[in-house]
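Pasting upload_23.cif here (mmCIF, C-alpha atoms):
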```
data_target
#
loop_
_atom_site.group_PDB
_atom_site.id
_atom_site.type_symbol
_atom_site.label_atom_id
_atom_site.label_comp_id
_atom_site.auth_asym_id
_atom_site.auth_seq_id
_atom_site.Cartn_x
_atom_site.Cartn_y
_atom_site.Cartn_z
ATOM 1 C CA MET I 186 -3.518 27.307 6.503
ATOM 2 C CA LYS I 187 -5.155 24.596 4.385
ATOM 3 C CA LYS I 188 -7.197 21.958 6.194
ATOM 4 C CA VAL I 189 -7.111 18.312 5.163
ATOM 5 C CA ILE I 190 -9.120 15.506 6.727
ATOM 6 C CA VAL I 191 -8.113 11.877 6.188
ATOM 7 C CA ILE I 192 -10.632 9.133 6.997
ATOM 8 C CA ASP I 193 -9.764 5.444 7.003
ATOM 9 C CA ASP I 194 -10.799 2.811 9.527
ATOM 10 C CA ASP I 195 -7.240 1.415 9.322
ATOM 11 C CA PRO I 196 -5.110 3.495 11.736
ATOM 12 C CA ASP I 197 -1.920 2.483 9.896
ATOM 13 C CA GLN I 198 -3.255 4.063 6.690
ATOM 14 C CA THR I 199 -4.192 7.313 8.421
ATOM 15 C CA ALA I 200 -0.774 7.475 10.118
ATOM 16 C CA ILE I 201 1.014 6.983 6.792
ATOM 17 C CA ALA I 202 -1.156 9.625 5.125
ATOM 18 C CA VAL I 203 -0.448 12.178 7.852
ATOM 19 C CA GLN I 204 3.294 11.502 7.655
ATOM 20 C CA VAL I 205 3.467 11.619 3.846
ATOM 21 C CA LEU I 206 1.255 14.683 3.427
ATOM 22 C CA LYS I 207 2.757 16.664 6.297
ATOM 23 C CA ASP I 208 3.557 20.239 5.313
ATOM 24 C CA PRO I 209 3.861 23.405 7.432
ATOM 25 C CA ARG I 210 1.146 25.054 5.316
ATOM 26 C CA ARG I 211 -1.377 22.308 6.091
ATOM 27 C CA GLN I 212 -3.368 21.173 9.076
ATOM 28 C CA ILE I 213 -4.016 17.457 8.653
ATOM 29 C CA ARG I 214 -6.516 15.671 10.869
ATOM 30 C CA ALA I 215 -6.930 11.913 10.714
ATOM 31 C CA PHE I 216 -9.985 9.940 11.760
ATOM 32 C CA THR I 217 -10.627 6.213 12.004
ATOM 33 C CA ASP I 218 -14.269 6.830 12.904
ATOM 34 C CA PRO I 219 -16.174 8.213 9.905
ATOM 35 C CA LEU I 220 -18.985 9.586 12.061
ATOM 36 C CA ARG I 221 -16.540 11.723 14.039
ATOM 37 C CA ALA I 222 -14.983 12.863 10.755
ATOM 38 C CA LEU I 223 -18.392 13.832 9.420
ATOM 39 C CA ALA I 224 -18.987 15.883 12.558
ATOM 40 C CA ALA I 225 -15.693 17.693 11.892
ATOM 41 C CA VAL I 226 -16.710 18.384 8.285
ATOM 42 C CA SER I 227 -19.997 19.769 9.602
ATOM 43 C CA SER I 228 -18.366 22.104 12.103
ATOM 44 C CA GLU I 229 -15.376 23.531 10.229
ATOM 45 C CA ASP I 230 -14.302 24.550 6.747
ATOM 46 C CA VAL I 231 -12.169 21.890 5.097
ATOM 47 C CA ASP I 232 -10.159 22.228 1.882
ATOM 48 C CA LEU I 233 -9.595 18.554 1.088
ATOM 49 C CA LEU I 234 -11.131 15.293 2.212
ATOM 50 C CA ILE I 235 -9.365 11.952 1.654
ATOM 51 C CA VAL I 236 -11.868 9.128 2.213
ATOM 52 C CA ASP I 237 -11.581 5.347 2.245
ATOM 53 C CA LEU I 238 -14.423 3.593 0.433
ATOM 54 C CA SER I 239 -15.036 0.734 2.837
ATOM 55 C CA MET I 240 -15.612 1.857 6.424
ATOM 56 C CA PRO I 241 -17.921 0.820 9.277
ATOM 57 C CA TRP I 242 -21.127 2.747 10.027
ATOM 58 C CA ILE I 243 -21.037 4.792 6.828
ATOM 59 C CA GLY I 244 -19.370 3.863 3.555
ATOM 60 C CA GLY I 245 -17.181 6.204 1.565
ATOM 61 C CA ALA I 246 -19.817 6.890 -1.097
ATOM 62 C CA ASP I 247 -22.410 7.910 1.515
ATOM 63 C CA PHE I 248 -19.767 9.882 3.394
ATOM 64 C CA ILE I 249 -18.919 11.837 0.237
ATOM 65 C CA GLN I 250 -22.582 12.621 -0.371
ATOM 66 C CA SER I 251 -23.049 13.842 3.210
ATOM 67 C CA ALA I 252 -19.847 15.892 3.136
ATOM 68 C CA ARG I 253 -20.818 17.513 -0.176
ATOM 69 C CA HIS I 254 -24.215 18.392 1.265
ATOM 70 C CA ARG I 255 -22.419 20.273 4.054
ATOM 71 C CA GLN I 256 -19.615 21.751 1.913
ATOM 72 C CA PRO I 257 -20.536 21.680 -1.807
ATOM 73 C CA ASN I 258 -17.144 22.905 -3.070
ATOM 74 C CA LEU I 259 -15.071 20.490 -1.029
ATOM 75 C CA ALA I 260 -12.246 18.720 -2.909
ATOM 76 C CA ILE I 261 -12.421 14.970 -2.309
ATOM 77 C CA PHE I 262 -10.153 12.002 -2.999
ATOM 78 C CA LEU I 263 -11.596 8.489 -2.717
ATOM 79 C CA VAL I 264 -9.213 5.659 -1.797
ATOM 80 C CA SER I 265 -10.056 1.984 -2.253
ATOM 81 C CA GLY I 266 -8.625 -1.441 -2.837
ATOM 82 C CA TYR I 267 -11.895 -2.564 -4.436
ATOM 83 C CA SER I 268 -12.403 -2.578 -8.195
ATOM 84 C CA ARG I 269 -15.744 -0.770 -7.819
ATOM 85 C CA GLY I 270 -13.941 2.196 -6.251
ATOM 86 C CA LEU I 271 -13.074 3.806 -9.577
ATOM 87 C CA ALA I 272 -16.679 3.686 -10.798
ATOM 88 C CA ILE I 273 -17.934 5.142 -7.511
ATOM 89 C CA ALA I 274 -15.342 7.931 -7.683
ATOM 90 C CA GLN I 275 -16.293 8.749 -11.275
ATOM 91 C CA GLU I 276 -19.985 8.802 -10.404
ATOM 92 C CA ALA I 277 -19.301 11.113 -7.448
ATOM 93 C CA GLY I 278 -16.980 13.334 -9.501
ATOM 94 C CA VAL I 279 -13.987 12.843 -7.199
ATOM 95 C CA HIS I 280 -10.387 11.810 -7.737
ATOM 96 C CA PHE I 281 -9.589 8.122 -7.195
ATOM 97 C CA PHE I 282 -6.527 6.427 -5.685
ATOM 98 C CA ALA I 283 -6.232 2.650 -5.706
ATOM 99 C CA LYS I 284 -4.754 0.803 -2.749
ATOM 100 C CA PRO I 285 -1.954 0.291 -2.207
ATOM 101 C CA VAL I 286 -1.694 4.055 -2.534
ATOM 102 C CA ASP I 287 1.021 5.588 -4.666
ATOM 103 C CA TRP I 288 1.999 8.165 -2.040
ATOM 104 C CA ASP I 289 4.116 10.221 -4.451
ATOM 105 C CA ALA I 290 1.104 10.612 -6.750
ATOM 106 C CA MET I 291 -1.120 11.405 -3.756
ATOM 107 C CA ARG I 292 1.321 14.059 -2.500
ATOM 108 C CA ALA I 293 1.449 15.682 -5.959
ATOM 109 C CA ALA I 294 -2.355 15.645 -6.312
ATOM 110 C CA VAL I 295 -2.803 17.176 -2.865
ATOM 111 C CA GLN I 296 -0.331 19.926 -3.761
ATOM 112 C CA ARG I 297 -2.242 20.685 -7.010
ATOM 113 C CA VAL I 298 -5.638 20.778 -5.298
ATOM 114 C CA LEU I 299 -4.508 22.992 -2.430
ATOM 115 C CA GLU I 300 -2.667 25.589 -4.514
#
```

Now that the file is in, can you turn its structure into structure tokens?
Amino acid sequence: MKKVIVIDDDPDQTAIAVQVLKDPRRQIRAFTDPLRALAAVSSEDVDLLIVDLSMPWIGGADFIQSARHRQPNLAIFLVSGYSRGLAIAQEAGVHFFAKPVDWDAMRAAVQRVLE
């Protein structure tokens, strides 16, 4: 079973992501607290991380760096409503989704990454 972690401090966004990406071949865990999500990434193998850029305590860019330190081959999607999000995603070498998220495109990208 593929493991996906979704991190966004907006609980509505994590709930939508879980609903849209739900699949019997996936275990999807959602976090609104990035520090708890980072602990999960540290303690278990994860196949895909979907991270919001702007979060309390640790921003998306720092989160990505920490997650990659723990799991170097981890697939990561960065989500942001800020114009700087694309540049940060390109610098980090991760896929970018602008908010509001095109959930059909996200679903297709998740499918490609997890196959």

Which residues fall under the PyMOL selection byres ((chain I and resi 279-295) around 10) in this file, as a compact mmCIF listing (two decimals) with C-alpha atoms, in the coordinates of the input?
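Result file is expr-v7.txt:
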```txt
# COMPACT_ATOMS: atom_id res chain seq x y z
CA VAL I 189 -7.11 18.31 5.16
CA GLN I 198 -3.26 4.06 6.69
CA ILE I 201 1.01 6.98 6.79
CA ALA I 202 -1.16 9.62 5.12
CA VAL I 205 3.47 11.62 3.85
CA LEU I 206 1.25 14.68 3.43
CA LYS I 207 2.76 16.66 6.30
CA LEU I 233 -9.60 18.55 1.09
CA LEU I 234 -11.13 15.29 2.21
CA ILE I 235 -9.36 11.95 1.65
CA VAL I 236 -11.87 9.13 2.21
CA ASP I 237 -11.58 5.35 2.24
CA ILE I 249 -18.92 11.84 0.24
CA LEU I 259 -15.07 20.49 -1.03
CA ALA I 260 -12.25 18.72 -2.91
CA ILE I 261 -12.42 14.97 -2.31
CA PHE I 262 -10.15 12.00 -3.00
CA LEU I 263 -11.60 8.49 -2.72
CA VAL I 264 -9.21 5.66 -1.80
CA SER I 265 -10.06 1.98 -2.25
CA GLY I 266 -8.62 -1.44 -2.84
CA TYR I 267 -11.90 -2.56 -4.44
CA SER I 268 -12.40 -2.58 -8.20
CA GLY I 270 -13.94 2.20 -6.25
CA LEU I 271 -13.07 3.81 -9.58
CA ALA I 272 -16.68 3.69 -10.80
CA ILE I 273 -17.93 5.14 -7.51
CA ALA I 274 -15.34 7.93 -7.68
CA GLN I 275 -16.29 8.75 -11.28
CA GLU I 276 -19.98 8.80 -10.40
CA ALA I 277 -19.30 11.11 -7.45
CA GLY I 278 -16.98 13.33 -9.50
CA GLN I 296 -0.33 19.93 -3.76
CA ARG I 297 -2.24 20.68 -7.01
CA VAL I 298 -5.64 20.78 -5.30
CA LEU I 299 -4.51 22.99 -2.43
CA GLU I 300 -2.67 25.59 -4.51
```

Using the chain letters and numbering of this document, enumerate as a PyMOL selection string the residues selected by the PyMOL selection byres ((chain I and resi 215-225) around 9). chain I and resi 189-196+199-200+202-203+213-214+226-231+236+240-245+248+251-252

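Atom pair atom CA of I:Lys188 / atom CA of I:Ser239 has a distance of 22.9 Å (rounded to one decimal).
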
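Coordinates place atom CA of I:Gln204 at a distance of 15.9 Å from atom CA of I:Lys187.
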
Residue nearest I:Gln212 among I:Met186, I:Asp232, I:Arg253, I:Asp197 (counting only C-alpha atoms):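 Nearest to I:Gln212: I:Met186.
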